[in-house]
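Below is one structure, written out as structure tokens; the observations come after it.
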Amino acid sequence: MSTSRKGPVLLIGGSGVVGSQAAKALRRLHPDLPIAIGGRDLGKAEAVAAEIGRAAAVAIDLERADLGLPAKESYSAVSMFVKDETLRPLRYAQAHGIPYVDISTGAFDIGPEVALYIRAPDRAPILLGSGWLAGAATLPAIHFAREFRTVDSIAIGAILDEEDMGGPAAYADYERYTTLVPNALVRAGGKWLWIGGADAVRRFKDSEGTDVEGRAYGALDAISLGAALDAHSVRFDFAMGKSAGRRRGEPLSTETIIEIEGVQKDGRRARARHELIHPAGQAPVTGLGTALAIERLLGLAGGAAPAPGLYLPEVLIEPGYAVERFAEFGTRIRKV
């Protein structure tokens with residue numbers, strides 16, 4: 001089924017902390033792209049729509065199959081910024097043959113979405129974008145791994161300031177990831193394992209050399225990197241506390257530490273560490289990651305719009321292009 005529709009991109013939760021940042025990133029990337037800000041609070045949606053321009057506000061009712069949208073309206077894509085247990089937006093996207101992006105589903109609860117795709121694989125492109133900050137760790141990691149002929153291990157440490165949780169939707173995701181499922185999926189010794197307790201704890205250093213205690217986290221990064229790089233060891237750890245920015249008396253910051261070990265193209269064994277730091281915290285990074293997914297699904301960057309299928313971000317988005325965009329939008333990238 002064709003997905004080349006011309007309606008606005010529908011951002012469900014687009015007036016929230018991350019959704020509004022995605023709307024701003026999309027507007028910066030594509031000044032003429034029509035956007036619909038969807039939410040339960042029409043007033044908040046209208047405020048964001050007015051701020052970014054060439055946008056409309058629409059009320060969303062997740063209890064209805066049609067999402068409460070007028071039958072005469074059509075959309076070019078649907079992006080979710082809240083965890084939705086009904087999956088009606090995904091069914092809506094499939095029914096209308098338009099791309100769908102989800103950034104809230106962990107490695108432990110992708111089953112229902114996968115099942116809907118399997119039932120109708122030719123209906124719509126579905127992108128599972130629930131890696132850390134919507135791809136802001138996995139895409140750079142794959143780009144940096146190109147320095148190596150083979151990758152033996154990759155470890156990512158993500159640091160979120162305790163004051164940078166975002167809105168209620170982000171907090172609900174955090175609660176689900178950390179309390180609902182006590183274990184996390186990692187690759188160790190070439191095997192996929194669910195780990196918990198002391199095995200799930202890893203210490204690493206932040207950008208200022210401060211020792212940080214992280215814990216294995218259930219985002220999709222480990223799965224994505226394991227498939228892309230086939231390393232024997234892959235894990236993603238999350239830590240929350242006072243960020244380096246706030247310790248310096250500056251605004252809160254967020255950091256992603258990527259450490260790769262393997263064999264370089266000249267045959268020598270090596271270890272590389274890259275630090276990605278955004279001085280304004282996680283929301284603008286997540287918003288941009290989602291915007292990159294939307295523009296790719298619409299064929300606005302990186303090639304023609306993809307056919308219906310089930311995708312991870314790195315399958316569609318060129319990692320080098322993503323790194324350039326993250327830097328352009330304020331992420332400081334440093335190799336040490």
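Here's how to read the names in the structure tokens: chain A, B, ... by the order shown, residue numbers from 1 in each chain, ligand numbers from 1 in the order shown.
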Neighbour list for segment 178-185 of chain A as a compact mmCIF listing (two decimals) with C-alpha atoms, in the first residue's frame, cut-off 8 Å, only C-alpha atoms, skip fewer than 3 positions in-chain:
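Once written, part-v8.txt looks like this:
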```
# COMPACT_ATOMS: atom_id res chain seq x y z
CA ALA A 107 12.51 -4.34 24.98
CA PHE A 108 10.21 -6.18 27.39
CA TYR A 174 10.76 5.53 33.76
CA GLU A 175 8.55 3.87 36.36
CA TRP A 192 21.39 -12.90 25.13
CA LEU A 193 20.72 -12.86 28.87
CA TRP A 194 18.25 -11.24 31.24
CA ILE A 195 20.24 -9.90 34.19
CA GLY A 196 19.32 -8.41 37.54
CA GLY A 197 20.75 -7.79 40.98
CA ALA A 200 22.88 -5.39 36.36
CA ALA A 216 21.21 -2.14 32.88
CA TYR A 217 18.14 -0.59 31.28
CA GLY A 218 15.39 -2.03 29.12
CA ALA A 222 21.19 -3.35 23.29
CA ILE A 223 18.96 -5.25 20.87
CA ARG A 235 24.93 -3.52 27.27
```
Open item on the list: Residues within 10 Å of Glu147 of chain A, please, as a PyMOL selection string. Count only C-alpha atoms; anything in the same chain fewer than 5 positions from it doesn't count.
Closed with: chain A and resi 142+260+262-266+270+272
Can those selected residues be exported to a file as an mmCIF file, in the first residue's frame so that it contains N, CA and C atoms?
```
data_model
loop_
_atom_site.group_PDB
_atom_site.id
_atom_site.type_symbol
_atom_site.label_atom_id
_atom_site.label_comp_id
_atom_site.auth_asym_id
_atom_site.auth_seq_id
_atom_site.Cartn_x
_atom_site.Cartn_y
_atom_site.Cartn_z
ATOM 1 N N ILE A 142 26.817 3.114 16.247
ATOM 2 C CA ILE A 142 27.053 2.399 14.991
ATOM 3 C C ILE A 142 27.995 3.204 14.102
ATOM 4 N N ILE A 260 33.764 1.416 23.015
ATOM 5 C CA ILE A 260 33.817 0.321 22.049
ATOM 6 C C ILE A 260 35.205 -0.316 22.097
ATOM 7 N N GLY A 262 37.540 -3.498 20.167
ATOM 8 C CA GLY A 262 37.568 -4.427 19.042
ATOM 9 C C GLY A 262 38.872 -4.348 18.287
ATOM 10 N N VAL A 263 38.824 -4.793 17.063
ATOM 11 C CA VAL A 263 40.000 -4.824 16.192
ATOM 12 C C VAL A 263 39.820 -3.771 15.114
ATOM 13 N N GLN A 264 40.773 -2.856 15.027
ATOM 14 C CA GLN A 264 40.711 -1.808 14.024
ATOM 15 C C GLN A 264 40.993 -2.365 12.632
ATOM 16 N N LYS A 265 40.782 -1.530 11.627
ATOM 17 C CA LYS A 265 40.967 -1.979 10.251
ATOM 18 C C LYS A 265 42.413 -2.324 9.933
ATOM 19 N N ASP A 266 43.372 -1.792 10.719
ATOM 20 C CA ASP A 266 44.780 -2.137 10.511
ATOM 21 C C ASP A 266 45.203 -3.376 11.288
ATOM 22 N N ALA A 270 42.002 -2.151 19.854
ATOM 23 C CA ALA A 270 41.869 -0.777 20.322
ATOM 24 C C ALA A 270 40.592 -0.617 21.129
ATOM 25 N N ALA A 272 37.866 2.686 22.063
ATOM 26 C CA ALA A 272 37.491 4.067 21.778
ATOM 27 C C ALA A 272 36.371 4.492 22.719
#
```
Open item on the list: Report as a ChimeraX atom specification all protein, DNA and RNA residues lying within 7 Å of Pro308 of chain A, evaluated on only C-alpha atoms, omitting residues in the same chain fewer than 5 positions from it.
Closed with: /A:121-125
Open item on the list: Applying 10 Å and only C-alpha atoms, which residues near Ser153 of chain A remain after dropping the ones on its own chain fewer than 3 positions away? List them as a list of chain:residue names.
Closed with: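 After dropping sequence-adjacent residues, the list is A:Thr150, A:Arg187, A:Ala188, A:Gly189, A:Gly190, A:Gly226, A:Leu229, A:Asp230, A:Ala231, A:His232, A:Ser233, A:Val234, A:Arg235, A:Glu259, A:Ile260, A:Glu261, A:Gly262, A:Arg271.
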Open item on the list: Can you measure atom CA of Arg40 of chain A to atom CA of Leu11 of chain A for me? One decimal in Å is fine.
Closed with: 12.0 Å
Task: All residues 8 Å or closer to segment 275-280 of chain A, only C-alpha atoms, same chain fewer than 3 positions away omitted, as a list in words - done: Ser207, Gly245, Pro251, Leu252, Ser253, Thr254, Glu255, Thr256, Ile257, Ile258, Ala283, Pro284, Val285, Gly330, Thr331, Arg332, Ile333, Arg334, Lys335 and Val336 of chain A
Those same residues - N, CA and C atoms - I'd like them written as a PDB file, in the first residue's frame.
```pdb
ATOM      1  N   SER A 207      31.743  12.623  31.854  1.00  0.00           N
ATOM      2  CA  SER A 207      32.650  13.438  31.047  1.00  0.00           C
ATOM      3  C   SER A 207      33.684  14.188  31.871  1.00  0.00           C
ATOM      4  N   GLY A 245      26.682  19.399  34.321  1.00  0.00           N
ATOM      5  CA  GLY A 245      26.306  20.793  34.135  1.00  0.00           C
ATOM      6  C   GLY A 245      25.870  21.437  35.439  1.00  0.00           C
ATOM      7  N   PRO A 251      23.082  25.141  33.759  1.00  0.00           N
ATOM      8  CA  PRO A 251      21.847  24.366  33.571  1.00  0.00           C
ATOM      9  C   PRO A 251      22.138  22.869  33.487  1.00  0.00           C
ATOM     10  N   LEU A 252      21.112  22.088  33.769  1.00  0.00           N
ATOM     11  CA  LEU A 252      21.270  20.633  33.724  1.00  0.00           C
ATOM     12  C   LEU A 252      21.688  20.174  32.329  1.00  0.00           C
ATOM     13  N   SER A 253      22.422  19.077  32.291  1.00  0.00           N
ATOM     14  CA  SER A 253      22.886  18.517  31.024  1.00  0.00           C
ATOM     15  C   SER A 253      22.558  17.034  31.002  1.00  0.00           C
ATOM     16  N   THR A 254      22.718  16.428  29.835  1.00  0.00           N
ATOM     17  CA  THR A 254      22.588  14.973  29.730  1.00  0.00           C
ATOM     18  C   THR A 254      23.788  14.444  28.975  1.00  0.00           C
ATOM     19  N   GLU A 255      24.228  13.229  29.310  1.00  0.00           N
ATOM     20  CA  GLU A 255      25.423  12.657  28.711  1.00  0.00           C
ATOM     21  C   GLU A 255      25.164  11.225  28.251  1.00  0.00           C
ATOM     22  N   THR A 256      25.801  10.867  27.157  1.00  0.00           N
ATOM     23  CA  THR A 256      25.812   9.484  26.687  1.00  0.00           C
ATOM     24  C   THR A 256      27.266   9.114  26.445  1.00  0.00           C
ATOM     25  N   ILE A 257      27.745   8.112  27.161  1.00  0.00           N
ATOM     26  CA  ILE A 257      29.134   7.660  27.061  1.00  0.00           C
ATOM     27  C   ILE A 257      29.151   6.351  26.284  1.00  0.00           C
ATOM     28  N   ILE A 258      29.866   6.335  25.163  1.00  0.00           N
ATOM     29  CA  ILE A 258      29.923   5.156  24.291  1.00  0.00           C
ATOM     30  C   ILE A 258      31.343   4.611  24.294  1.00  0.00           C
ATOM     31  N   ALA A 283      15.328  16.460  26.529  1.00  0.00           N
ATOM     32  CA  ALA A 283      14.148  16.714  25.687  1.00  0.00           C
ATOM     33  C   ALA A 283      14.497  17.149  24.266  1.00  0.00           C
ATOM     34  N   PRO A 284      15.409  18.111  24.055  1.00  0.00           N
ATOM     35  CA  PRO A 284      15.709  18.484  22.670  1.00  0.00           C
ATOM     36  C   PRO A 284      16.378  17.366  21.880  1.00  0.00           C
ATOM     37  N   VAL A 285      17.124  16.517  22.563  1.00  0.00           N
ATOM     38  CA  VAL A 285      17.768  15.396  21.871  1.00  0.00           C
ATOM     39  C   VAL A 285      16.737  14.362  21.443  1.00  0.00           C
ATOM     40  N   GLY A 330      23.102  21.005  18.758  1.00  0.00           N
ATOM     41  CA  GLY A 330      23.624  21.344  20.077  1.00  0.00           C
ATOM     42  C   GLY A 330      24.324  20.265  20.868  1.00  0.00           C
ATOM     43  N   THR A 331      24.373  19.028  20.371  1.00  0.00           N
ATOM     44  CA  THR A 331      25.084  17.989  21.094  1.00  0.00           C
ATOM     45  C   THR A 331      26.590  18.138  20.882  1.00  0.00           C
ATOM     46  N   ARG A 332      27.335  18.184  21.972  1.00  0.00           N
ATOM     47  CA  ARG A 332      28.792  18.251  21.889  1.00  0.00           C
ATOM     48  C   ARG A 332      29.331  16.836  21.873  1.00  0.00           C
ATOM     49  N   ILE A 333      30.138  16.523  20.865  1.00  0.00           N
ATOM     50  CA  ILE A 333      30.658  15.168  20.689  1.00  0.00           C
ATOM     51  C   ILE A 333      32.175  15.217  20.832  1.00  0.00           C
ATOM     52  N   ARG A 334      32.682  14.370  21.714  1.00  0.00           N
ATOM     53  CA  ARG A 334      34.117  14.383  22.012  1.00  0.00           C
ATOM     54  C   ARG A 334      34.655  12.964  22.080  1.00  0.00           C
ATOM     55  N   LYS A 335      35.765  12.725  21.390  1.00  0.00           N
ATOM     56  CA  LYS A 335      36.455  11.430  21.467  1.00  0.00           C
ATOM     57  C   LYS A 335      37.626  11.571  22.421  1.00  0.00           C
ATOM     58  N   VAL A 336      37.695  10.660  23.383  1.00  0.00           N
ATOM     59  CA  VAL A 336      38.765  10.740  24.396  1.00  0.00           C
ATOM     60  C   VAL A 336      39.475   9.400  24.527  1.00  0.00           C
TER      61      VAL A 336
END
```
Task: Selected residue, from A:Glu318, A:Glu208, A:Glu213, A:Asp102, that lies nearest to Arg248 of chain A when counting only C-alpha atoms - done: A:Glu208
Task: Residues flagged helix (DSSP H, G or I) by DSSP in segment 206-316 of chain A, as number ranges by chain - done: A: 221-229, 244-247, 282-297, 313-316
- [ ] Find the spatial neighbours of segment 18-35 of chain A, counting only C-alpha atoms, within a cut-off of 9 Å - ignore same-chain residues fewer than 5 positions away - and output them as a ChimeraX atom specification.
- [x] /A:6-13,45,48-49,51-57,75,80-82,166-167,170,282-292,294-295,300,329
TODO: Tell me which protein, DNA and RNA residues are within 8 Å of Ile126 of chain A, counting only C-alpha atoms, leaving out same-chain ones fewer than 2 positions away, and put them as a ChimeraX atom specification.
DONE: /A:99-101,117,124,128,308-311
TODO: Would you list, as a list in words, the residues of segment 81-164 of chain A that end up in strand (DSSP E or B) under DSSP run on this structure's backbone?
DONE: Tyr100, Val101, Asp102, Pro125, Ile126, Leu127, Leu128, Phe148, Arg149, Thr150, Val151, Asp152, Ser153, Ile154, Ala155, Ile156, Gly157, Ala158, Ile159, Leu160 and Asp161 of chain A
So that I have them on file, write out the residues from the current selection with C-alpha atoms, as a PDB file, in the first residue's frame.
```
ATOM      1  CA  TYR A 100       3.897   5.070  12.621  1.00  0.00           C
ATOM      2  CA  VAL A 101       6.634   5.937  15.152  1.00  0.00           C
ATOM      3  CA  ASP A 102       6.706   4.828  18.783  1.00  0.00           C
ATOM      4  CA  PRO A 125       5.871   1.266   7.939  1.00  0.00           C
ATOM      5  CA  ILE A 126       6.215   0.879  11.722  1.00  0.00           C
ATOM      6  CA  LEU A 127       9.325   2.254  13.392  1.00  0.00           C
ATOM      7  CA  LEU A 128      10.175   1.156  16.920  1.00  0.00           C
ATOM      8  CA  PHE A 148      36.692  -1.016  13.668  1.00  0.00           C
ATOM      9  CA  ARG A 149      36.930  -4.101  11.506  1.00  0.00           C
ATOM     10  CA  THR A 150      35.258  -6.157  14.216  1.00  0.00           C
ATOM     11  CA  VAL A 151      33.636  -5.060  17.482  1.00  0.00           C
ATOM     12  CA  ASP A 152      34.076  -7.287  20.545  1.00  0.00           C
ATOM     13  CA  SER A 153      32.207  -5.217  23.085  1.00  0.00           C
ATOM     14  CA  ILE A 154      30.171  -2.070  23.281  1.00  0.00           C
ATOM     15  CA  ALA A 155      29.003  -0.448  26.509  1.00  0.00           C
ATOM     16  CA  ILE A 156      26.835   2.639  26.666  1.00  0.00           C
ATOM     17  CA  GLY A 157      26.318   4.654  29.824  1.00  0.00           C
ATOM     18  CA  ALA A 158      23.513   7.232  29.810  1.00  0.00           C
ATOM     19  CA  ILE A 159      23.293   9.932  32.469  1.00  0.00           C
ATOM     20  CA  LEU A 160      20.065  11.809  33.109  1.00  0.00           C
ATOM     21  CA  ASP A 161      19.872  14.705  35.535  1.00  0.00           C
TER      22      ASP A 161
END
```
- [ ] Kindly give the distance, in Å, that separates atom CA of Ser224 of chain A and atom CA of Thr86 of chain A, rounded to a single decimal.
- [x]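 Between atom CA of Ser224 of chain A and atom CA of Thr86 of chain A the gap works out to 25.2 Å.
With only C-alpha atoms as the atoms that count, the residue of A:Gly241, A:Gln94, A:Leu316, A:Ser79 with the shortest distance to Gly303 of chain A is A:Leu316.
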